[in-house]
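Listing of entry_39.pdb; format and content: PDB, C-alpha atoms.
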ATOM      1  CA  MET D  94     172.582  35.651  63.239
ATOM      2  CA  ASN D  95     174.281  36.955  60.102
ATOM      3  CA  LYS D  96     173.279  35.392  56.816
ATOM      4  CA  ILE D  97     174.729  35.821  53.357
ATOM      5  CA  ASP D  98     173.432  34.637  50.017
ATOM      6  CA  ILE D  99     175.547  32.119  48.133
ATOM      7  CA  LYS D 100     174.491  31.320  44.592
ATOM      8  CA  CYS D 101     174.720  27.643  43.722
ATOM      9  CA  ILE D 102     174.534  25.505  40.619
ATOM     10  CA  ALA D 103     173.720  21.893  41.425
ATOM     11  CA  GLN D 104     174.145  19.108  38.911
ATOM     12  CA  LYS D 105     171.279  16.640  38.678
ATOM     13  CA  GLY D 106     171.338  14.484  41.800
ATOM     14  CA  ALA D 107     173.531  16.823  43.867
ATOM     15  CA  VAL D 108     172.472  17.500  47.444
ATOM     16  CA  ILE D 109     172.227  21.165  48.461
ATOM     17  CA  PRO D 110     174.248  21.796  51.660
ATOM     18  CA  GLN D 111     172.118  21.794  54.796
ATOM     19  CA  TYR D 112     172.606  22.774  58.410
ATOM     20  CA  LYS D 113     171.200  19.847  60.403
ATOM     21  CA  THR D 114     170.452  21.888  63.554
ATOM     22  CA  CYS D 115     169.777  25.562  64.272
ATOM     23  CA  GLY D 116     173.119  25.831  66.105
ATOM     24  CA  ALA D 117     175.239  24.043  63.497
ATOM     25  CA  ALA D 118     178.268  25.953  62.203
ATOM     26  CA  GLY D 119     178.858  23.527  59.340
ATOM     27  CA  ALA D 120     176.577  22.501  56.507
ATOM     28  CA  ASP D 121     176.958  18.944  55.241
ATOM     29  CA  LEU D 122     178.427  18.224  51.813
ATOM     30  CA  CYS D 123     177.468  15.021  50.023
ATOM     31  CA  ALA D 124     179.138  12.946  47.338
ATOM     32  CA  LEU D 125     177.739  12.886  43.807
ATOM     33  CA  LEU D 126     178.918   9.653  42.198
ATOM     34  CA  GLU D 127     177.867   7.541  39.216
ATOM     35  CA  LYS D 128     178.849   4.391  41.128
ATOM     36  CA  PRO D 129     180.199   3.619  44.625
ATOM     37  CA  LEU D 130     183.807   4.685  45.228
ATOM     38  CA  THR D 131     186.128   2.640  47.434
ATOM     39  CA  VAL D 132     188.910   4.476  49.265
ATOM     40  CA  ALA D 133     191.503   1.874  50.233
ATOM     41  CA  CYS D 134     193.353   2.040  53.548
ATOM     42  CA  GLY D 135     196.063   4.686  53.404
ATOM     43  CA  LYS D 136     194.823   6.061  50.080
ATOM     44  CA  THR D 137     193.192   9.316  49.012
ATOM     45  CA  ALA D 138     190.294  10.131  46.719
ATOM     46  CA  ILE D 139     188.953  13.326  45.219
ATOM     47  CA  VAL D 140     185.192  13.119  45.620
ATOM     48  CA  PRO D 141     182.863  15.296  43.504
ATOM     49  CA  THR D 142     179.817  17.001  45.016
ATOM     50  CA  GLY D 143     178.145  18.321  41.853
ATOM     51  CA  LEU D 144     178.042  21.797  43.462
ATOM     52  CA  PHE D 145     179.365  25.084  42.098
ATOM     53  CA  PHE D 146     179.253  28.236  44.274
ATOM     54  CA  GLU D 147     179.448  31.968  43.766
ATOM     55  CA  ILE D 148     180.867  33.063  47.102
ATOM     56  CA  PRO D 149     180.605  36.811  47.838
ATOM     57  CA  ASN D 150     183.830  38.841  47.995
ATOM     58  CA  GLY D 151     185.125  39.005  51.548
ATOM     59  CA  TYR D 152     184.132  35.393  52.337
ATOM     60  CA  GLU D 153     185.529  31.904  51.880
ATOM     61  CA  ILE D 154     184.162  28.425  52.344
ATOM     62  CA  GLN D 155     186.229  26.165  54.574
ATOM     63  CA  ILE D 156     185.986  22.424  53.990
ATOM     64  CA  ARG D 157     186.300  20.373  57.170
ATOM     65  CA  PRO D 158     185.960  16.720  58.158
ATOM     66  CA  ARG D 159     182.843  15.177  59.610
ATOM     67  CA  SER D 160     183.679  13.993  63.099
ATOM     68  CA  GLY D 161     181.590  10.825  62.756
ATOM     69  CA  LEU D 162     183.515   9.656  59.677
ATOM     70  CA  ALA D 163     186.821  10.345  61.396
ATOM     71  CA  ALA D 164     185.898   8.675  64.699
ATOM     72  CA  LYS D 165     184.126   5.629  63.279
ATOM     73  CA  ASN D 166     186.053   4.989  60.053
ATOM     74  CA  GLY D 167     189.306   6.966  60.154
ATOM     75  CA  VAL D 168     188.209   8.920  57.076
ATOM     76  CA  THR D 169     189.020  12.629  57.084
ATOM     77  CA  VAL D 170     189.613  15.610  54.800
ATOM     78  CA  LEU D 171     193.270  15.629  53.792
ATOM     79  CA  ASN D 172     193.848  19.386  53.476
ATOM     80  CA  THR D 173     191.954  20.535  56.536
ATOM     81  CA  PRO D 174     190.625  23.098  56.428
ATOM     82  CA  GLY D 175     190.450  23.348  52.672
ATOM     83  CA  THR D 176     189.713  26.836  51.378
ATOM     84  CA  ILE D 177     187.335  27.677  48.540
ATOM     85  CA  ASP D 178     188.133  31.230  47.452
ATOM     86  CA  SER D 179     185.426  33.687  46.421
ATOM     87  CA  ASP D 180     186.701  33.834  42.823
ATOM     88  CA  TYR D 181     186.647  30.041  42.263
ATOM     89  CA  ARG D 182     183.799  28.876  40.032
ATOM     90  CA  GLY D 183     184.618  25.202  39.541
ATOM     91  CA  GLU D 184     183.000  22.163  41.098
ATOM     92  CA  ILE D 185     183.530  21.648  44.814
ATOM     93  CA  LYS D 186     185.480  18.419  45.260
ATOM     94  CA  ILE D 187     186.577  16.958  48.571
ATOM     95  CA  ILE D 188     190.002  15.366  49.129
ATOM     96  CA  LEU D 189     189.446  12.456  51.499
ATOM     97  CA  ILE D 190     192.042  10.157  53.050
ATOM     98  CA  ASN D 191     191.328   6.807  54.637
ATOM     99  CA  LEU D 192     193.468   6.455  57.760
ATOM    100  CA  GLY D 193     191.301   3.595  59.022
ATOM    101  CA  ASP D 194     191.953  -0.143  59.138
ATOM    102  CA  GLU D 195     189.467  -1.094  56.415
ATOM    103  CA  ASP D 196     188.614   0.067  52.914
ATOM    104  CA  PHE D 197     185.837   2.676  52.960
ATOM    105  CA  VAL D 198     182.996   2.757  50.417
ATOM    106  CA  ILE D 199     181.360   6.071  49.494
ATOM    107  CA  ASN D 200     177.949   6.070  47.843
ATOM    108  CA  SER D 201     176.288   8.937  46.034
ATOM    109  CA  GLY D 202     174.441  11.078  48.584
ATOM    110  CA  ASP D 203     176.722  10.124  51.502
ATOM    111  CA  ARG D 204     177.721  13.008  53.749
ATOM    112  CA  ILE D 205     181.500  13.271  53.308
ATOM    113  CA  ALA D 206     182.502  16.662  54.724
ATOM    114  CA  GLN D 207     181.115  19.893  56.070
ATOM    115  CA  MET D 208     181.499  23.480  54.921
ATOM    116  CA  ILE D 209     181.870  26.611  57.002
ATOM    117  CA  VAL D 210     181.281  30.072  55.539
ATOM    118  CA  ALA D 211     183.811  32.494  57.039
ATOM    119  CA  PRO D 212     184.830  36.132  56.554
ATOM    120  CA  VAL D 213     188.252  36.797  55.043
ATOM    121  CA  THR D 214     190.700  39.510  56.039
ATOM    122  CA  GLN D 215     193.488  40.285  53.595
ATOM    123  CA  ALA D 216     196.751  41.699  54.959
ATOM    124  CA  ASP D 217     199.261  44.212  53.679
ATOM    125  CA  PHE D 218     202.719  42.658  54.086
ATOM    126  CA  SER D 219     205.540  45.068  54.942
ATOM    127  CA  ILE D 220     209.268  44.347  54.780
ATOM    128  CA  VAL D 221     211.022  45.604  57.949
ATOM    129  CA  GLU D 222     214.497  45.262  59.466
ATOM    130  CA  ASN D 223     213.343  43.939  62.874
ATOM    131  CA  LEU D 224     210.285  42.456  64.551
ATOM    132  CA  SER D 225     209.042  43.460  67.987
ATOM    133  CA  GLU D 226     210.226  41.397  70.976
ATOM    134  CA  THR D 227     207.826  39.020  72.758
ATOM    135  CA  GLU D 228     208.060  36.691  75.743
ATOM    136  CA  ARG D 229     207.974  33.691  73.401
ATOM    137  CA  GLY D 230     210.484  35.070  70.933
ATOM    138  CA  THR D 231     211.577  32.492  68.363
ATOM    139  CA  GLY D 232     210.445  29.443  70.378
ATOM    140  CA  GLY D 233     208.755  27.095  67.963
ATOM    141  CA  PHE D 234     207.008  23.738  67.980
ATOM    142  CA  GLY D 235     206.064  22.741  71.517
ATOM    143  CA  SER D 236     207.897  25.638  73.158
ATOM    144  CA  THR D 237     204.987  27.281  74.980
ATOM    145  CA  GLY D 238     204.307  26.167  78.531
ATOM    146  CA  VAL D 239     207.747  24.525  78.849
ATOM    147  CA  LYS D 240     209.793  25.712  81.817
ATOM    148  CA  SER D 241     213.548  25.718  81.334
TER     149      SER D 241
END

Kindly transcribe the structure held in the file into structure tokens.
Amino acid sequence: MNKIDIKCIAQKGAVIPQYKTCGAAGADLCALLEKPLTVACGKTAIVPTGLFFEIPNGYEIQIRPRSGLAAKNGVTVLNTPGTIDSDYRGEIKIILINLGDEDFVINSGDRIAQMIVAPVTQADFSIVENLSETERGTGGFGSTGVKS
């Protein structure tokens, strides 16, 4: 298993991300709130974590939903996956949306999302006159697997 070091500043009361099992890909992120926060049905909230990371060059952190929150409450991460770039030094905040049928209350310390550490590949973009031909061609949304 590959491991990298990520430096972290944690405000008082913040929960350091943890992998809950040895096979977990995502480490849980928890809310850091002064008082409970209610996310009304159909509304969004930006939820602080109290965490600041120094991510090594060549890596990113992806912010993803927790499946339990989505399945049980309809609460998910709005910009999934969210990307935290290696040169960002601000607080990690999670954009949640409540797609459920009831208002959702978040308390400080609640697990609200998970983070994945992933390698990044940067591309060189080249302007060309033509692109190579493929079987799919320009077929877009829902075009694969459809017989004409």

Exercise for review: Taking the file above as input, evaluate the PyMOL selection byres ((chain D and resi 206) around 12) and report the hits as a ChimeraX atom specification.
Suggested key: /D:110-111,119-124,139-142,155-163,168-175,185-190,199,202-205,207-209

Selected residues written out, C-alpha atoms, as a PDB file, in the coordinates of the input:
ATOM      1  CA  PRO D 110     174.248  21.796  51.660  1.00  0.00           C
ATOM      2  CA  GLN D 111     172.118  21.794  54.796  1.00  0.00           C
ATOM      3  CA  GLY D 119     178.858  23.527  59.340  1.00  0.00           C
ATOM      4  CA  ALA D 120     176.577  22.501  56.507  1.00  0.00           C
ATOM      5  CA  ASP D 121     176.958  18.944  55.241  1.00  0.00           C
ATOM      6  CA  LEU D 122     178.427  18.224  51.813  1.00  0.00           C
ATOM      7  CA  CYS D 123     177.468  15.021  50.023  1.00  0.00           C
ATOM      8  CA  ALA D 124     179.138  12.946  47.338  1.00  0.00           C
ATOM      9  CA  ILE D 139     188.953  13.326  45.219  1.00  0.00           C
ATOM     10  CA  VAL D 140     185.192  13.119  45.620  1.00  0.00           C
ATOM     11  CA  PRO D 141     182.863  15.296  43.504  1.00  0.00           C
ATOM     12  CA  THR D 142     179.817  17.001  45.016  1.00  0.00           C
ATOM     13  CA  GLN D 155     186.229  26.165  54.574  1.00  0.00           C
ATOM     14  CA  ILE D 156     185.986  22.424  53.990  1.00  0.00           C
ATOM     15  CA  ARG D 157     186.300  20.373  57.170  1.00  0.00           C
ATOM     16  CA  PRO D 158     185.960  16.720  58.158  1.00  0.00           C
ATOM     17  CA  ARG D 159     182.843  15.177  59.610  1.00  0.00           C
ATOM     18  CA  SER D 160     183.679  13.993  63.099  1.00  0.00           C
ATOM     19  CA  GLY D 161     181.590  10.825  62.756  1.00  0.00           C
ATOM     20  CA  LEU D 162     183.515   9.656  59.677  1.00  0.00           C
ATOM     21  CA  ALA D 163     186.821  10.345  61.396  1.00  0.00           C
ATOM     22  CA  VAL D 168     188.209   8.920  57.076  1.00  0.00           C
ATOM     23  CA  THR D 169     189.020  12.629  57.084  1.00  0.00           C
ATOM     24  CA  VAL D 170     189.613  15.610  54.800  1.00  0.00           C
ATOM     25  CA  LEU D 171     193.270  15.629  53.792  1.00  0.00           C
ATOM     26  CA  ASN D 172     193.848  19.386  53.476  1.00  0.00           C
ATOM     27  CA  THR D 173     191.954  20.535  56.536  1.00  0.00           C
ATOM     28  CA  PRO D 174     190.625  23.098  56.428  1.00  0.00           C
ATOM     29  CA  GLY D 175     190.450  23.348  52.672  1.00  0.00           C
ATOM     30  CA  ILE D 185     183.530  21.648  44.814  1.00  0.00           C
ATOM     31  CA  LYS D 186     185.480  18.419  45.260  1.00  0.00           C
ATOM     32  CA  ILE D 187     186.577  16.958  48.571  1.00  0.00           C
ATOM     33  CA  ILE D 188     190.002  15.366  49.129  1.00  0.00           C
ATOM     34  CA  LEU D 189     189.446  12.456  51.499  1.00  0.00           C
ATOM     35  CA  ILE D 190     192.042  10.157  53.050  1.00  0.00           C
ATOM     36  CA  ILE D 199     181.360   6.071  49.494  1.00  0.00           C
ATOM     37  CA  GLY D 202     174.441  11.078  48.584  1.00  0.00           C
ATOM     38  CA  ASP D 203     176.722  10.124  51.502  1.00  0.00           C
ATOM     39  CA  ARG D 204     177.721  13.008  53.749  1.00  0.00           C
ATOM     40  CA  ILE D 205     181.500  13.271  53.308  1.00  0.00           C
ATOM     41  CA  GLN D 207     181.115  19.893  56.070  1.00  0.00           C
ATOM     42  CA  MET D 208     181.499  23.480  54.921  1.00  0.00           C
ATOM     43  CA  ILE D 209     181.870  26.611  57.002  1.00  0.00           C
TER      44      ILE D 209
END

**Study point:** Of the listed residues D:Gly232, D:Gly116, D:Gly167, D:Gly151, that which approaches Gly135 of chain D most closely, counting only C-alpha atoms
**Key:**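 Looking at the shortest contact to Gly135 of chain D, the residue is D:Gly167.
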
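Distance check against Ser201 of chain D using all atoms listed in the file: of D:Pro149, D:Lys105, D:Gly235, D:Tyr181, the minimum falls on D:Lys105.
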
Exercise for review: Between atom CA of Glu195 of chain D and atom CA of Gly143 of chain D, measure the distance and give it in Å to one decimal.
Suggested key: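 Interatomic distance, atom CA of Glu195 of chain D to atom CA of Gly143 of chain D: 26.8 Å.
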
Practice item. Could you tell me which of D:Leu192, D:Cys115, D:Ala138, D:Ile177 comes closest to Val213 of chain D if we count all atoms listed in the file? Key: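 Using all atoms listed in the file, Val213 of chain D sits closest to D:Ile177.
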
Point to revise | For Asn200 of chain D, the nearest of the candidates D:Ile220, D:Leu130, D:Leu144, D:Ala118, counting all atoms listed in the file | key: D:Leu130

Review point. So how far away is atom CA of Gln104 of chain D from atom CA of Lys136 of chain D, in Å?
Key: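 Atom-to-atom, atom CA of Lys136 of chain D and atom CA of Gln104 of chain D are spaced 26.9 Å apart.
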
**Study point:** Length of the atom CA of Lys100 of chain D to atom CA of Pro129 of chain D vector [Å]
**Key:**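 It comes out at 28.3 Å.
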
Exercise for review: Would you please work out which residue, of D:Glu153, D:Asp196, D:Asp180, D:Asp98, is nearest to Val132 of chain D when using all atoms listed in the file?
Suggested key: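 Of D:Glu153, D:Asp196, D:Asp180, D:Asp98, the one nearest Val132 of chain D, counting all atoms listed in the file, is D:Asp196.
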
Complete the atoms of segment 121-132 of chain D to all heavy atoms and put them out as a PDB file, keeping the file's coordinate frame.
ATOM      1  N   ASP D 121     176.443  20.190  55.805  1.00  0.00           N
ATOM      2  CA  ASP D 121     176.958  18.944  55.241  1.00  0.00           C
ATOM      3  C   ASP D 121     177.115  19.015  53.724  1.00  0.00           C
ATOM      4  O   ASP D 121     176.282  19.586  53.025  1.00  0.00           O
ATOM      5  CB  ASP D 121     176.022  17.783  55.580  1.00  0.00           C
ATOM      6  CG  ASP D 121     176.092  17.390  57.043  1.00  0.00           C
ATOM      7  OD1 ASP D 121     177.153  17.589  57.666  1.00  0.00           O
ATOM      8  OD2 ASP D 121     175.091  16.876  57.567  1.00  0.00           O
ATOM      9  N   LEU D 122     178.189  18.396  53.239  1.00  0.00           N
ATOM     10  CA  LEU D 122     178.427  18.224  51.813  1.00  0.00           C
ATOM     11  C   LEU D 122     178.344  16.738  51.505  1.00  0.00           C
ATOM     12  O   LEU D 122     178.875  15.903  52.245  1.00  0.00           O
ATOM     13  CB  LEU D 122     179.811  18.752  51.425  1.00  0.00           C
ATOM     14  CG  LEU D 122     179.966  20.268  51.475  1.00  0.00           C
ATOM     15  CD1 LEU D 122     181.427  20.659  51.302  1.00  0.00           C
ATOM     16  CD2 LEU D 122     179.113  20.928  50.402  1.00  0.00           C
ATOM     17  N   CYS D 123     177.693  16.416  50.396  1.00  0.00           N
ATOM     18  CA  CYS D 123     177.468  15.021  50.023  1.00  0.00           C
ATOM     19  C   CYS D 123     178.150  14.688  48.704  1.00  0.00           C
ATOM     20  O   CYS D 123     178.316  15.552  47.837  1.00  0.00           O
ATOM     21  CB  CYS D 123     175.966  14.754  49.877  1.00  0.00           C
ATOM     22  SG  CYS D 123     175.056  15.000  51.420  1.00  0.00           S
ATOM     23  N   ALA D 124     178.526  13.436  48.567  1.00  0.00           N
ATOM     24  CA  ALA D 124     179.138  12.946  47.338  1.00  0.00           C
ATOM     25  C   ALA D 124     178.101  12.874  46.218  1.00  0.00           C
ATOM     26  O   ALA D 124     176.928  12.602  46.458  1.00  0.00           O
ATOM     27  CB  ALA D 124     179.727  11.552  47.583  1.00  0.00           C
ATOM     28  N   LEU D 125     178.553  13.115  45.000  1.00  0.00           N
ATOM     29  CA  LEU D 125     177.739  12.886  43.807  1.00  0.00           C
ATOM     30  C   LEU D 125     178.544  11.957  42.904  1.00  0.00           C
ATOM     31  O   LEU D 125     179.518  12.378  42.282  1.00  0.00           O
ATOM     32  CB  LEU D 125     177.406  14.185  43.078  1.00  0.00           C
ATOM     33  CG  LEU D 125     176.560  14.003  41.817  1.00  0.00           C
ATOM     34  CD1 LEU D 125     175.194  13.403  42.152  1.00  0.00           C
ATOM     35  CD2 LEU D 125     176.399  15.309  41.071  1.00  0.00           C
ATOM     36  N   LEU D 126     178.154  10.687  42.898  1.00  0.00           N
ATOM     37  CA  LEU D 126     178.918   9.653  42.198  1.00  0.00           C
ATOM     38  C   LEU D 126     178.026   8.867  41.255  1.00  0.00           C
ATOM     39  O   LEU D 126     176.855   8.643  41.551  1.00  0.00           O
ATOM     40  CB  LEU D 126     179.537   8.687  43.222  1.00  0.00           C
ATOM     41  CG  LEU D 126     180.484   9.298  44.250  1.00  0.00           C
ATOM     42  CD1 LEU D 126     180.764   8.308  45.365  1.00  0.00           C
ATOM     43  CD2 LEU D 126     181.777   9.743  43.581  1.00  0.00           C
ATOM     44  N   GLU D 127     178.590   8.406  40.139  1.00  0.00           N
ATOM     45  CA  GLU D 127     177.867   7.541  39.216  1.00  0.00           C
ATOM     46  C   GLU D 127     177.796   6.119  39.750  1.00  0.00           C
ATOM     47  O   GLU D 127     176.849   5.385  39.464  1.00  0.00           O
ATOM     48  CB  GLU D 127     178.546   7.553  37.854  1.00  0.00           C
ATOM     49  CG  GLU D 127     178.425   8.888  37.144  1.00  0.00           C
ATOM     50  CD  GLU D 127     179.086   8.878  35.767  1.00  0.00           C
ATOM     51  OE1 GLU D 127     179.374   7.776  35.233  1.00  0.00           O
ATOM     52  OE2 GLU D 127     179.317   9.972  35.240  1.00  0.00           O
ATOM     53  N   LYS D 128     178.808   5.727  40.520  1.00  0.00           N
ATOM     54  CA  LYS D 128     178.849   4.391  41.128  1.00  0.00           C
ATOM     55  C   LYS D 128     179.625   4.502  42.438  1.00  0.00           C
ATOM     56  O   LYS D 128     180.367   5.478  42.641  1.00  0.00           O
ATOM     57  CB  LYS D 128     179.494   3.379  40.190  1.00  0.00           C
ATOM     58  CG  LYS D 128     180.930   3.704  39.840  1.00  0.00           C
ATOM     59  CD  LYS D 128     181.507   2.705  38.861  1.00  0.00           C
ATOM     60  CE  LYS D 128     182.966   3.073  38.586  1.00  0.00           C
ATOM     61  NZ  LYS D 128     183.598   2.223  37.624  1.00  0.00           N
ATOM     62  N   PRO D 129     179.472   3.561  43.355  1.00  0.00           N
ATOM     63  CA  PRO D 129     180.199   3.619  44.625  1.00  0.00           C
ATOM     64  C   PRO D 129     181.710   3.741  44.396  1.00  0.00           C
ATOM     65  O   PRO D 129     182.252   3.200  43.419  1.00  0.00           O
ATOM     66  CB  PRO D 129     179.844   2.301  45.304  1.00  0.00           C
ATOM     67  CG  PRO D 129     178.513   1.937  44.727  1.00  0.00           C
ATOM     68  CD  PRO D 129     178.577   2.395  43.301  1.00  0.00           C
ATOM     69  N   LEU D 130     182.369   4.450  45.292  1.00  0.00           N
ATOM     70  CA  LEU D 130     183.807   4.685  45.228  1.00  0.00           C
ATOM     71  C   LEU D 130     184.435   4.095  46.479  1.00  0.00           C
ATOM     72  O   LEU D 130     184.023   4.429  47.595  1.00  0.00           O
ATOM     73  CB  LEU D 130     184.086   6.189  45.148  1.00  0.00           C
ATOM     74  CG  LEU D 130     185.525   6.648  45.288  1.00  0.00           C
ATOM     75  CD1 LEU D 130     186.370   6.170  44.103  1.00  0.00           C
ATOM     76  CD2 LEU D 130     185.586   8.174  45.391  1.00  0.00           C
ATOM     77  N   THR D 131     185.425   3.226  46.303  1.00  0.00           N
ATOM     78  CA  THR D 131     186.128   2.640  47.434  1.00  0.00           C
ATOM     79  C   THR D 131     187.440   3.376  47.647  1.00  0.00           C
ATOM     80  O   THR D 131     188.233   3.515  46.713  1.00  0.00           O
ATOM     81  CB  THR D 131     186.410   1.139  47.199  1.00  0.00           C
ATOM     82  OG1 THR D 131     185.152   0.470  47.043  1.00  0.00           O
ATOM     83  CG2 THR D 131     187.161   0.533  48.369  1.00  0.00           C
ATOM     84  N   VAL D 132     187.644   3.845  48.887  1.00  0.00           N
ATOM     85  CA  VAL D 132     188.910   4.476  49.265  1.00  0.00           C
ATOM     86  C   VAL D 132     189.654   3.442  50.102  1.00  0.00           C
ATOM     87  O   VAL D 132     189.244   3.121  51.219  1.00  0.00           O
ATOM     88  CB  VAL D 132     188.697   5.781  50.067  1.00  0.00           C
ATOM     89  CG1 VAL D 132     190.033   6.456  50.327  1.00  0.00           C
ATOM     90  CG2 VAL D 132     187.746   6.722  49.331  1.00  0.00           C
TER      91      VAL D 132
END
